[in-house]
Protein chains: 6
Amino acid sequence: MAKVVTRIERADASVIDGLASAGVATVHEAQGRIGLLSSRMRPIYPGARIAGSAVTISAPPGDNWMVHVAIEQLQAGDMLVLAPTSPCEDGYFGDLLATSAMARGCRGLVIDAGVRDVRDLTQMGFPVWSKAVFAQGTVKAVLGSVNVPIVCAGAAIEAGDVIVADDDGVCVVKRADAADVLKKAQAREAAEEAKRQRLAAGDLGLDIYDMRGKLEAMGLKYE
Amino acid sequence: MAKVVTRIERADASVIDGLASAGVATVHEAQGRIGLLSSRMRPIYPGARIAGSAVTISAPPGDNWMVHVAIEQLQAGDMLVLAPTSPCEDGYFGDLLATSAMARGCRGLVIDAGVRDVRDLTQMGFPVWSKAVFAQGTVKAVLGSVNVPIVCAGAAIEAGDVIVADDDGVCVVKRADAADVLKKAQAREAAEEAKRQRLAAGDLGLDIYDMRGKLEAMGLKYE
Amino acid sequence: MAKVVTRIERADASVIDGLASAGVATVHEAQGRIGLLSSRMRPIYPGARIAGSAVTISAPPGDNWMVHVAIEQLQAGDMLVLAPTSPCEDGYFGDLLATSAMARGCRGLVIDAGVRDVRDLTQMGFPVWSKAVFAQGTVKAVLGSVNVPIVCAGAAIEAGDVIVADDDGVCVVKRADAADVLKKAQAREAAEEAKRQRLAAGDLGLDIYDMRGKLEAMGLKYE
Amino acid sequence: MAKVVTRIERADASVIDGLASAGVATVHEAQGRIGLLSSRMRPIYPGARIAGSAVTISAPPGDNWMVHVAIEQLQAGDMLVLAPTSPCEDGYFGDLLATSAMARGCRGLVIDAGVRDVRDLTQMGFPVWSKAVFAQGTVKAVLGSVNVPIVCAGAAIEAGDVIVADDDGVCVVKRADAADVLKKAQAREAAEEAKRQRLAAGDLGLDIYDMRGKLEAMGLKYE
Amino acid sequence: MAKVVTRIERADASVIDGLASAGVATVHEAQGRIGLLSSRMRPIYPGARIAGSAVTISAPPGDNWMVHVAIEQLQAGDMLVLAPTSPCEDGYFGDLLATSAMARGCRGLVIDAGVRDVRDLTQMGFPVWSKAVFAQGTVKAVLGSVNVPIVCAGAAIEAGDVIVADDDGVCVVKRADAADVLKKAQAREAAEEAKRQRLAAGDLGLDIYDMRGKLEAMGLKYE
Amino acid sequence: MAKVVTRIERADASVIDGLASAGVATVHEAQGRIGLLSSRMRPIYPGARIAGSAVTISAPPGDNWMVHVAIEQLQAGDMLVLAPTSPCEDGYFGDLLATSAMARGCRGLVIDAGVRDVRDLTQMGFPVWSKAVFAQGTVKAVLGSVNVPIVCAGAAIEAGDVIVADDDGVCVVKRADAADVLKKAQAREAAEEAKRQRLAAGDLGLDIYDMRGKLEAMGLKYE
């Protein structure tokens with residue numbers, strides 16, 4: 001049952017970087033409002049906006065052994081994504097593991113559990129999205145799996161899927177859909193720019209989107 | 001049932017600005033320790049201290065149509081205050097809506113739900129107090145109401161009430177009480193300044209407030 | 001029942017400062033992974049890393065009278081640690097009390113309840129770890145106790161125990177164990193430095209910690 | 001500020017009893033999907049379905065003095081409704097207070113805090129909807145108010161409003177609307193009965209409500 | 001994007017019934033400790049122990065239109081499984097929908113949101129596992145999908161998977177694994193029976209499972 | 001560090017049984033409103049009212065090995081009390097362990113984590129107070145300790161302390177105080193009986209406790 005899948009497919013680097021540039025909210029919209037992880041996933045410091053290929057970890061509560069195993073599977077541009085097998089907020093990850101992950105080109109960590117050494121991680125520029133900051137130590141006693149499908153913070157994620165993360169949270173894009181989602185995200189950004197200028201000039205969404213008739217038809221009354 | 005009240009009374013601008021200057025904790029005390037919204041309402045960035053007249057929004061879960069309707073009702077110096085009709089943390093509001101609201105002089109948003117594009121909002125200097133940061137998109141399908149009485153994060157708020165918000169959270173002041181509350185807040189600030197100096201010099205609250213006798217009378221023992 | 005213990009033992013100042021320097025995660029590990037307070041205890045601003053001797057407060061919900069009593073018991077290098085007698089998030093503490101506490105050399109506050117005036121506290125450099133930021137005012141009507149054993153955010157704490165707090169949270173070290181824990185923490189830091197360099201150079205934890213054999217023996221499969 | 005309003009208007013007894021019979025879900029629908037208290041309000045035992053006129057209590061955290069004051073204001077058919085001035089889960093109410101309230105004809109308690117002696121209350125048949133069961137004792141030290149407007153579990157409630165409570169939770173009906181809401185509730189029940197029979201016979205809501213065309217028009221695809 | 005998959009595979013009825021008989025805890029163990037839904041999923045009444053084939057629903061927050069669509073897809077022995085597209089606790093389901101679902105042979109509902117009319121549902125013997133009981137009404141305005149893969153309360157579920165539910169919560173078994181899991185569950189039950197008798201007779205797990213040596217080897221000390 | 005203390009002191013059986021009879025709320029009051037465990041600790045079925053001597057367990061998250069070790073330490077009249085070393089809701093305990101514990105005279109379990117097989121436990125009459133019902137399985141891989149001091153659900157507990165538990169929750173009484181607390185509890189019960197009769201007869205607490213003068217002196221106004 002406990003296994004490590006060593007060969008995973010990844011999306012094109014340029015697609016991944018494009019998705020990072022678009023950001024979580026735009027990517028989420030572009031793919032039809034799916035793929036968001038729970039709002040409990042918060043960045044340990046503001047300002048990071050990244051994307052990477054998921055190296056997934058299914059780990060027992062309070063046991064970070066599989067993180068060591070997963071780091072060997074990292075390629076430059078990857079992100080670690082850890083889901084505990086039951087709810088846990090222990091600090092699976094700190095500055096030593098971040099040092100090791102960064103040495104392999106890892107861009108960040110998404111963990112539905114806790115993280116520690118957050119001051120060091122901030123100084124190192126290693127971004128983490130987690131449900132808790134908690135120094136609680138973990139053991140290395142029970143096996144888990146690496147690069148298997150997981151559910152992390154309410155989202156189904158497979159190894160090689162593209163993870164996009166910024167101050168708004170975390171979104172997953174299916175690897176096979178990544179290029180298409182990027183196109184839609186870029187189209188959306190272009191369309192938004194024109195709207196932004198009109199809105200900044202004082203035009204109302206009611207007019208830009210031609211909502212007044214429909215609102216009246218549905219029965220909205222002005223008093 | 002779904003309606004927009006287009007004419008609302010507002011407090012004097014100078015009173016509103018005075019309340020902003022006093023801040024949430026002082027205003028809350030000055031009006032007898034009432035009016036606080038729940039502590040789950042947190043600012044998306046530190047440092048903002050504002051006040052404004054409430055333009056209220058009652059919106060269905062996951063539907064931000066009424067935000068567009070409300071923006072038309074904004075005057076310079078107003079704040080948007082949104083309460084969903086049932087608990088929701090979707091991202092009703094992002095950078096486009098903020099652009100539109102700012103174009104009309106809106107000072108900020110208080111929302112008992114989610115907000116997104118927080119990096120952009122931070123750069124724009126548009127402050128938001130919310131219960132969640134969440135990129136989840138919303139629809140425009142069901143009506144709500146604007147400028148009706150709402151309960152937002154545990155506080156009853158009417159259109160035109162003064163909303164005060166800073167790093168401590170959010171407080172509402174009834175419009176009719178605003179001038180009186182400002183006077184009390186300013187009196188409180190003046191009184192606190194003298195105490196602050198004595199405390200900084202090492203005097204104890206036990207002596208400044210003459211507490212020792214009462215503590216002894218109530219039975220406090222020193223060992 | 002309500003009492004103030006006026007004489008408490010404290011650990012050596014150099015030990016306390018050493019523990020501050022080691023930080024929460026290292027101290028927690030050094031003493032066998034015990035002593036952490038709940039992850040709900042978060043700093044009001046990032047970057048503080050301190051330690052001090054606990055002056056404990058057991059206070060009724062919504063009543064901060066005992067904070068005034070406790071401040072008189074403070075010595076330079078102490079920290080205030082408050083546990084309400086039932087769950088509460090009211091703002092027991094703000095800038096005036098911080099002014100008073102700082103005048104007596106207090107290094108910070110740990111409170112399993114709320115705090116207010118956080119902008120002022122940040123500017124004053126008075127760090128607080130709390131479960132909430134909430135402006136809700138408190139009364140001075142019911143007695144509590146000072147320097148009695150308490151359970152604060154899930155950790156048993158006695159007056160004079162060493163409190164270590166940083167961005168990772170809060171940890172308590174029994175006063176009698178403090179010197180020994182410091183030694184172990186420093187040994188741990190030294191050992192980690194060598195590992196950090198190897199990991200930064202690309203060596204894997206799997207090899208450094210010689211994990212491959214055990215993983216295989218336990219049945220981990222690579223596919 | 002602390003006051004007791006001694007004269008309150010109440011709805012007709014027959015209207016109140018009719019609303020009890022309709023139950024929370026139907027009443028909530030009948031008045032346009034408003035008035036529900038938060039889902040955290042749960043009954044201490046299943047099966048009670050009641051309604052009564054609200055005698056409201058605004059009480060400090062951990063202080064049940066005002067419950068004694070409120071009991072004197074009770075008339076037969078009333079319900080006690082308590083909101084603490086800040087979040088609290090202490091056990092404000094137990095079997096002695098229930099004995100006193102029942103002696104005055106009180107039908108039950110709605111409390112956004114804790115309750116205790118729930119075994120006794122169950123045996124006495126005194127229903128309570130609360131956010132917690134907690135034995136924590138309270139004091140009698142600080143004033144509050146009785147029969148003032150409150151926000152309880154997210155709903156604005158005035159003295160004399162009709163409270164409806166059953167296994168689904170708690171709903172408030174404005175006193176002035178009670179008779180009209182009852183009519184709508186009864187109409188709704190009548191309409192539902194016919195639908196229930198058709199559904200029980202195997203007819204589909206898709207057909208009864210004629211939804212197929214609209215679903216297709218909106219783009220629903222069957223595969 | 002919004003679609004209804006009309007043909008789904010189901011496991012054998014005898015396998016499904018066998019899994020119901022084994023119960024959640026045993027099935028979860030038998031398949032390697034996977035498949036549990038979050039502990040927030042609680043039954044509305046105690047004592048139900050069922051299994052059925054999942055007819056899945058992905059529904060917008062506060063919109064139960066797709067429940068009507070899903071009911072048409074039900075066959076005898078199925079269970080409805082609903083996941084909202086963002087967190088929601090509205091009452092999507094009540095006695096009318098239950099009447100309709102029962103008319104089609106539906107065995108129960110698993111919903112990561114709210115349910116209402118729980119007294120009626122209890123009397124009808126229609127079991128529901130939900131995260132909330134809440135009367136809040138829903139609309140029929142936005143499309144969702146039926147029989148698509150969902151994540152419900154932290155578990156990935158596909159249409160036709162076997163849902164097992166009892167007082168311990170809810171577990172999903174992949175359709176293709178169902179027969180194998182049943183065998184393992186029955187083997188586990190048989191093995192447990194012998195242990196239960198020894199334990200009831202006073203034998204210790206320490207001896208039955210031969211743990212003493214390993215505990216000592218790992219360093220457990222008796223004082 | 002991992003150890004089992006094999007000899008613990010227990011309170012007199014008659015004292016323990018007397019405390020059970022008094023119940024949680026009365027015992028909590030009798031000892032000065034201390035000793036309650038968090039309100040998150042709920043019974044798996046209503047109606048149990050018990051007391052016993054604590055056999056304490058400190059266990060890693062998701063690891064129930066020490067439960068087996070603890071069962072050997074049980075004597076008739078004891079209760080198991082388990083605190084995980086970090087927050088966890090896994091199902092550490094089910095019907096097999098209950099069978100074993102009952103064979104040794106154990107009266108029940110208090111666990112700040114999860115429990116499973118609750119239908120079986122209910123039928124066996126083995127009461128459990130827990131923070132969750134969750135079938136999630138646990139491992140036997142990491143040591144913990146038995147009969148050491150723990151903090152369980154916010155209360156400090158030592159082996160041999162008396163645990164009282166009923167529908168109101170759980171309370172701990174220090175072993176050395178148990179006889180004294182029982183006397184106070186019985187005195188309290190006697191005093192309450194007289195009050196109950198007066199209240200049932202319609203006398204008001206305002207008069208029985210002579211509160212009117214003090215309320216008026218503090219400024220309560222009747223309108």
# chains A, B, ... in the order shown; residues from 1 in each chain; ligands from 1
>>> residues_around(residues="segment 81-91 of chain C", least_positions_apart="5", cutoff="8 Å", atoms="only C-alpha atoms", output="JSON, numbers by chain")
{"C": [54, 55, 56, 57, 58, 59, 60, 61, 62, 109, 110, 111, 112, 113, 114, 115, 116, 131, 132, 133, 134, 135, 136, 137, 138, 150, 151, 152, 153], "D": [86, 87, 88, 89, 90, 136], "F": [34]}
>>> closest_atom_pairs(of="chain B", to="chain C", cutoff="9 Å", atoms="only C-alpha atoms", output="tab-separated table")
residue	atom	partner	partner_atom	distance
B:Gly23	CA	C:Asp117	CA	8.9
B:Val24	CA	C:Ala135	CA	7.0
B:Ala25	CA	C:Ala135	CA	5.0
B:Thr26	CA	C:Ala135	CA	8.6
B:His28	CA	C:Ala135	CA	7.5
B:Glu29	CA	C:Gly137	CA	6.7
B:Arg33	CA	C:Gly137	CA	6.2
B:Ile34	CA	C:Gln136	CA	8.3
B:Leu36	CA	C:Gln136	CA	7.1
B:Ser38	CA	C:Phe134	CA	7.9
B:Ser39	CA	C:Phe134	CA	5.4
B:Arg40	CA	C:Ala132	CA	8.4
B:Arg42	CA	C:Val133	CA	8.6
B:Pro46	CA	C:Arg119	CA	8.2
B:Gly47	CA	C:Arg119	CA	7.1
B:Asp166	CA	C:Arg119	CA	8.5
B:Asp167	CA	C:Arg119	CA	6.3
B:Asp168	CA	C:Arg116	CA	5.7
B:Gly169	CA	C:Phe134	CA	6.6
B:Val170	CA	C:Ala135	CA	8.7
B:Cys171	CA	C:Ala135	CA	8.9
B:Glu192	CA	C:Leu96	CA	7.9
B:Lys195	CA	C:Leu96	CA	7.7
B:Arg196	CA	C:Leu96	CA	5.9
B:Gln197	CA	C:Thr99	CA	8.6
B:Arg198	CA	C:Ser100	CA	8.5
B:Leu199	CA	C:Ser100	CA	4.7
B:Ala200	CA	C:Thr99	CA	5.5
B:Ala201	CA	C:Ala103	CA	6.7
B:Gly202	CA	C:Ala103	CA	5.4
B:Asp203	CA	C:Ser100	CA	7.5
B:Leu204	CA	C:Ser100	CA	6.9
B:Gly205	CA	C:His68	CA	5.8
B:Leu206	CA	C:His68	CA	6.1
B:Met211	CA	C:His68	CA	9.0
B:Arg212	CA	C:Val69	CA	8.9
B:Leu215	CA	C:Leu143	CA	7.6
B:Met218	CA	C:Leu143	CA	7.6
B:Gly219	CA	C:Ala2	CA	7.1
B:Leu220	CA	C:Ala2	CA	5.4
B:Lys221	CA	C:Lys3	CA	4.6
B:Tyr222	CA	C:Val4	CA	4.7
B:Glu223	CA	C:Val5	CA	4.9
>>> select_by_dssp(residues="segment 42-155 of chain C", states="alpha helix (DSSP H)", output="MDAnalysis selection string")
chainID C and resid 65:72 95:103 118:124
>>> closest_residue(among="A:Asp207, A:Arg188, A:Leu37, A:Val27", to="Ser130 of chain A", atoms="only C-alpha atoms")
A:Leu37
>>> select_by_dssp(residues="segment 171-222 of chain D", states="strand (DSSP E)", output="number ranges by chain")
D: 171-173, 221-222
>>> write_last_selection(atoms="N, CA, C and O atoms", output="compact mmCIF listing (two decimals), in the first residue's frame")
# COMPACT_ATOMS: atom_id res chain seq x y z
N CYS D 171 -36.17 30.14 15.13
CA CYS D 171 -36.52 31.21 14.20
C CYS D 171 -37.27 32.30 14.97
O CYS D 171 -38.06 31.99 15.86
N VAL D 172 -37.02 33.55 14.61
CA VAL D 172 -37.76 34.64 15.23
C VAL D 172 -38.70 35.26 14.21
O VAL D 172 -38.35 35.44 13.04
N VAL D 173 -39.92 35.58 14.68
CA VAL D 173 -40.90 36.27 13.85
C VAL D 173 -41.21 37.61 14.53
O VAL D 173 -41.52 37.64 15.72
N LYS D 221 -26.79 19.46 -19.58
CA LYS D 221 -26.64 18.37 -20.55
C LYS D 221 -26.79 17.02 -19.87
O LYS D 221 -26.24 16.81 -18.79
N TYR D 222 -27.48 16.11 -20.54
CA TYR D 222 -27.57 14.72 -20.08
C TYR D 222 -26.67 13.87 -20.94
O TYR D 222 -26.74 13.91 -22.16
>>> atom_distance(atom1="atom CA of Ile208 of chain D", atom2="atom CA of Ala194 of chain D")
10.5 Å
>>> atom_distance(atom1="atom CA of Glu216 of chain B", atom2="atom CA of Ala30 of chain F")
23.7 Å
>>> decode(residues="segment 151-183 of chain C", atoms="N, CA, C and O atoms", output="CSV table (one decimal), in the first residue's frame")
chain,number,residue,atom,x,y,z
C,151,VAL,N,-3.7,26.4,33.6
C,151,VAL,CA,-3.6,25.7,32.3
C,151,VAL,C,-3.9,26.8,31.3
C,151,VAL,O,-5.0,27.3,31.3
C,152,CYS,N,-2.9,27.1,30.4
C,152,CYS,CA,-3.1,28.2,29.4
C,152,CYS,C,-3.0,27.6,28.0
C,152,CYS,O,-1.9,27.1,27.7
C,153,ALA,N,-4.0,27.7,27.3
C,153,ALA,CA,-4.0,27.2,25.9
C,153,ALA,C,-3.5,25.7,25.8
C,153,ALA,O,-2.7,25.4,24.9
C,154,GLY,N,-3.9,24.9,26.8
C,154,GLY,CA,-3.6,23.5,26.8
C,154,GLY,C,-2.3,23.1,27.5
C,154,GLY,O,-2.0,21.9,27.6
C,155,ALA,N,-1.5,24.1,28.0
C,155,ALA,CA,-0.3,23.8,28.7
C,155,ALA,C,-0.3,24.2,30.2
C,155,ALA,O,-0.8,25.2,30.5
C,156,ALA,N,0.2,23.3,31.0
C,156,ALA,CA,0.2,23.6,32.5
C,156,ALA,C,1.4,24.5,32.8
C,156,ALA,O,2.5,24.2,32.4
C,157,ILE,N,1.2,25.6,33.4
C,157,ILE,CA,2.2,26.6,33.7
C,157,ILE,C,2.2,27.0,35.1
C,157,ILE,O,1.1,27.3,35.7
C,158,GLU,N,3.4,27.1,35.7
C,158,GLU,CA,3.5,27.6,37.1
C,158,GLU,C,4.2,28.9,37.0
C,158,GLU,O,5.1,29.2,36.2
C,159,ALA,N,4.0,29.7,38.0
C,159,ALA,CA,4.7,31.0,38.1
C,159,ALA,C,6.2,30.7,38.2
C,159,ALA,O,6.7,29.8,38.9
C,160,GLY,N,7.0,31.5,37.4
C,160,GLY,CA,8.4,31.3,37.4
C,160,GLY,C,8.9,30.4,36.3
C,160,GLY,O,10.1,30.3,36.0
C,161,ASP,N,8.0,29.6,35.7
C,161,ASP,CA,8.4,28.8,34.5
C,161,ASP,C,8.9,29.8,33.4
C,161,ASP,O,8.5,30.9,33.4
C,162,VAL,N,9.7,29.2,32.6
C,162,VAL,CA,10.2,30.1,31.5
C,162,VAL,C,9.3,30.0,30.3
C,162,VAL,O,9.0,28.8,29.8
C,163,ILE,N,8.8,31.1,29.8
C,163,ILE,CA,8.0,31.2,28.6
C,163,ILE,C,8.9,31.6,27.4
C,163,ILE,O,9.5,32.6,27.5
C,164,VAL,N,8.8,30.8,26.4
C,164,VAL,CA,9.6,31.1,25.1
C,164,VAL,C,8.5,31.4,24.1
C,164,VAL,O,7.6,30.6,23.9
C,165,ALA,N,8.7,32.5,23.3
C,165,ALA,CA,7.7,32.8,22.3
C,165,ALA,C,8.3,33.4,21.1
C,165,ALA,O,9.2,34.3,21.2
C,166,ASP,N,7.9,33.0,19.9
C,166,ASP,CA,8.3,33.6,18.7
C,166,ASP,C,7.3,33.4,17.6
C,166,ASP,O,6.1,33.1,17.9
C,167,ASP,N,7.6,33.6,16.4
C,167,ASP,CA,6.6,33.4,15.3
C,167,ASP,C,6.0,32.1,15.2
C,167,ASP,O,4.9,31.9,14.6
C,168,ASP,N,6.6,31.1,15.8
C,168,ASP,CA,6.1,29.7,15.7
C,168,ASP,C,5.1,29.5,16.8
C,168,ASP,O,4.4,28.4,16.8
C,169,GLY,N,5.0,30.4,17.8
C,169,GLY,CA,4.0,30.2,18.9
C,169,GLY,C,4.7,30.3,20.2
C,169,GLY,O,5.6,31.1,20.4
C,170,VAL,N,4.2,29.6,21.2
C,170,VAL,CA,4.6,29.7,22.6
C,170,VAL,C,4.9,28.3,23.2
C,170,VAL,O,4.2,27.4,23.0
C,171,CYS,N,6.0,28.3,24.0
C,171,CYS,CA,6.4,27.0,24.7
C,171,CYS,C,6.8,27.4,26.1
C,171,CYS,O,7.3,28.4,26.4
C,172,VAL,N,6.4,26.5,27.0
C,172,VAL,CA,6.8,26.7,28.4
C,172,VAL,C,7.8,25.6,28.8
C,172,VAL,O,7.8,24.5,28.4
C,173,VAL,N,8.8,26.1,29.6
C,173,VAL,CA,9.9,25.2,30.1
C,173,VAL,C,9.8,25.3,31.6
C,173,VAL,O,9.8,26.4,32.2
C,174,LYS,N,9.7,24.1,32.3
C,174,LYS,CA,9.7,24.1,33.7
C,174,LYS,C,10.9,24.8,34.3
C,174,LYS,O,12.0,24.6,33.8
C,175,ARG,N,10.7,25.7,35.3
C,175,ARG,CA,11.9,26.4,35.8
C,175,ARG,C,13.0,25.5,36.2
C,175,ARG,O,14.2,25.8,35.8
C,176,ALA,N,12.7,24.4,36.8
C,176,ALA,CA,13.8,23.6,37.3
C,176,ALA,C,14.6,22.9,36.1
C,176,ALA,O,15.7,22.4,36.3
C,177,ASP,N,13.9,22.8,35.0
C,177,ASP,CA,14.6,22.1,33.9
C,177,ASP,C,15.2,23.1,32.9
C,177,ASP,O,15.9,22.7,31.9
C,178,ALA,N,15.1,24.4,33.2
C,178,ALA,CA,15.5,25.4,32.2
C,178,ALA,C,17.0,25.3,31.8
C,178,ALA,O,17.3,25.3,30.6
C,179,ALA,N,17.9,25.1,32.7
C,179,ALA,CA,19.3,25.1,32.4
C,179,ALA,C,19.6,23.9,31.6
C,179,ALA,O,20.4,23.9,30.6
C,180,ASP,N,19.0,22.8,32.0
C,180,ASP,CA,19.3,21.5,31.2
C,180,ASP,C,18.7,21.6,29.8
C,180,ASP,O,19.3,21.2,28.8
C,181,VAL,N,17.5,22.1,29.7
C,181,VAL,CA,16.9,22.3,28.4
C,181,VAL,C,17.7,23.2,27.5
C,181,VAL,O,17.9,22.9,26.3
C,182,LEU,N,18.3,24.2,28.1
C,182,LEU,CA,19.1,25.1,27.3
C,182,LEU,C,20.3,24.4,26.7
C,182,LEU,O,20.7,24.5,25.5
C,183,LYS,N,21.0,23.6,27.5
C,183,LYS,CA,22.1,22.8,27.0
C,183,LYS,C,21.7,21.9,25.9
C,183,LYS,O,22.4,21.8,24.9
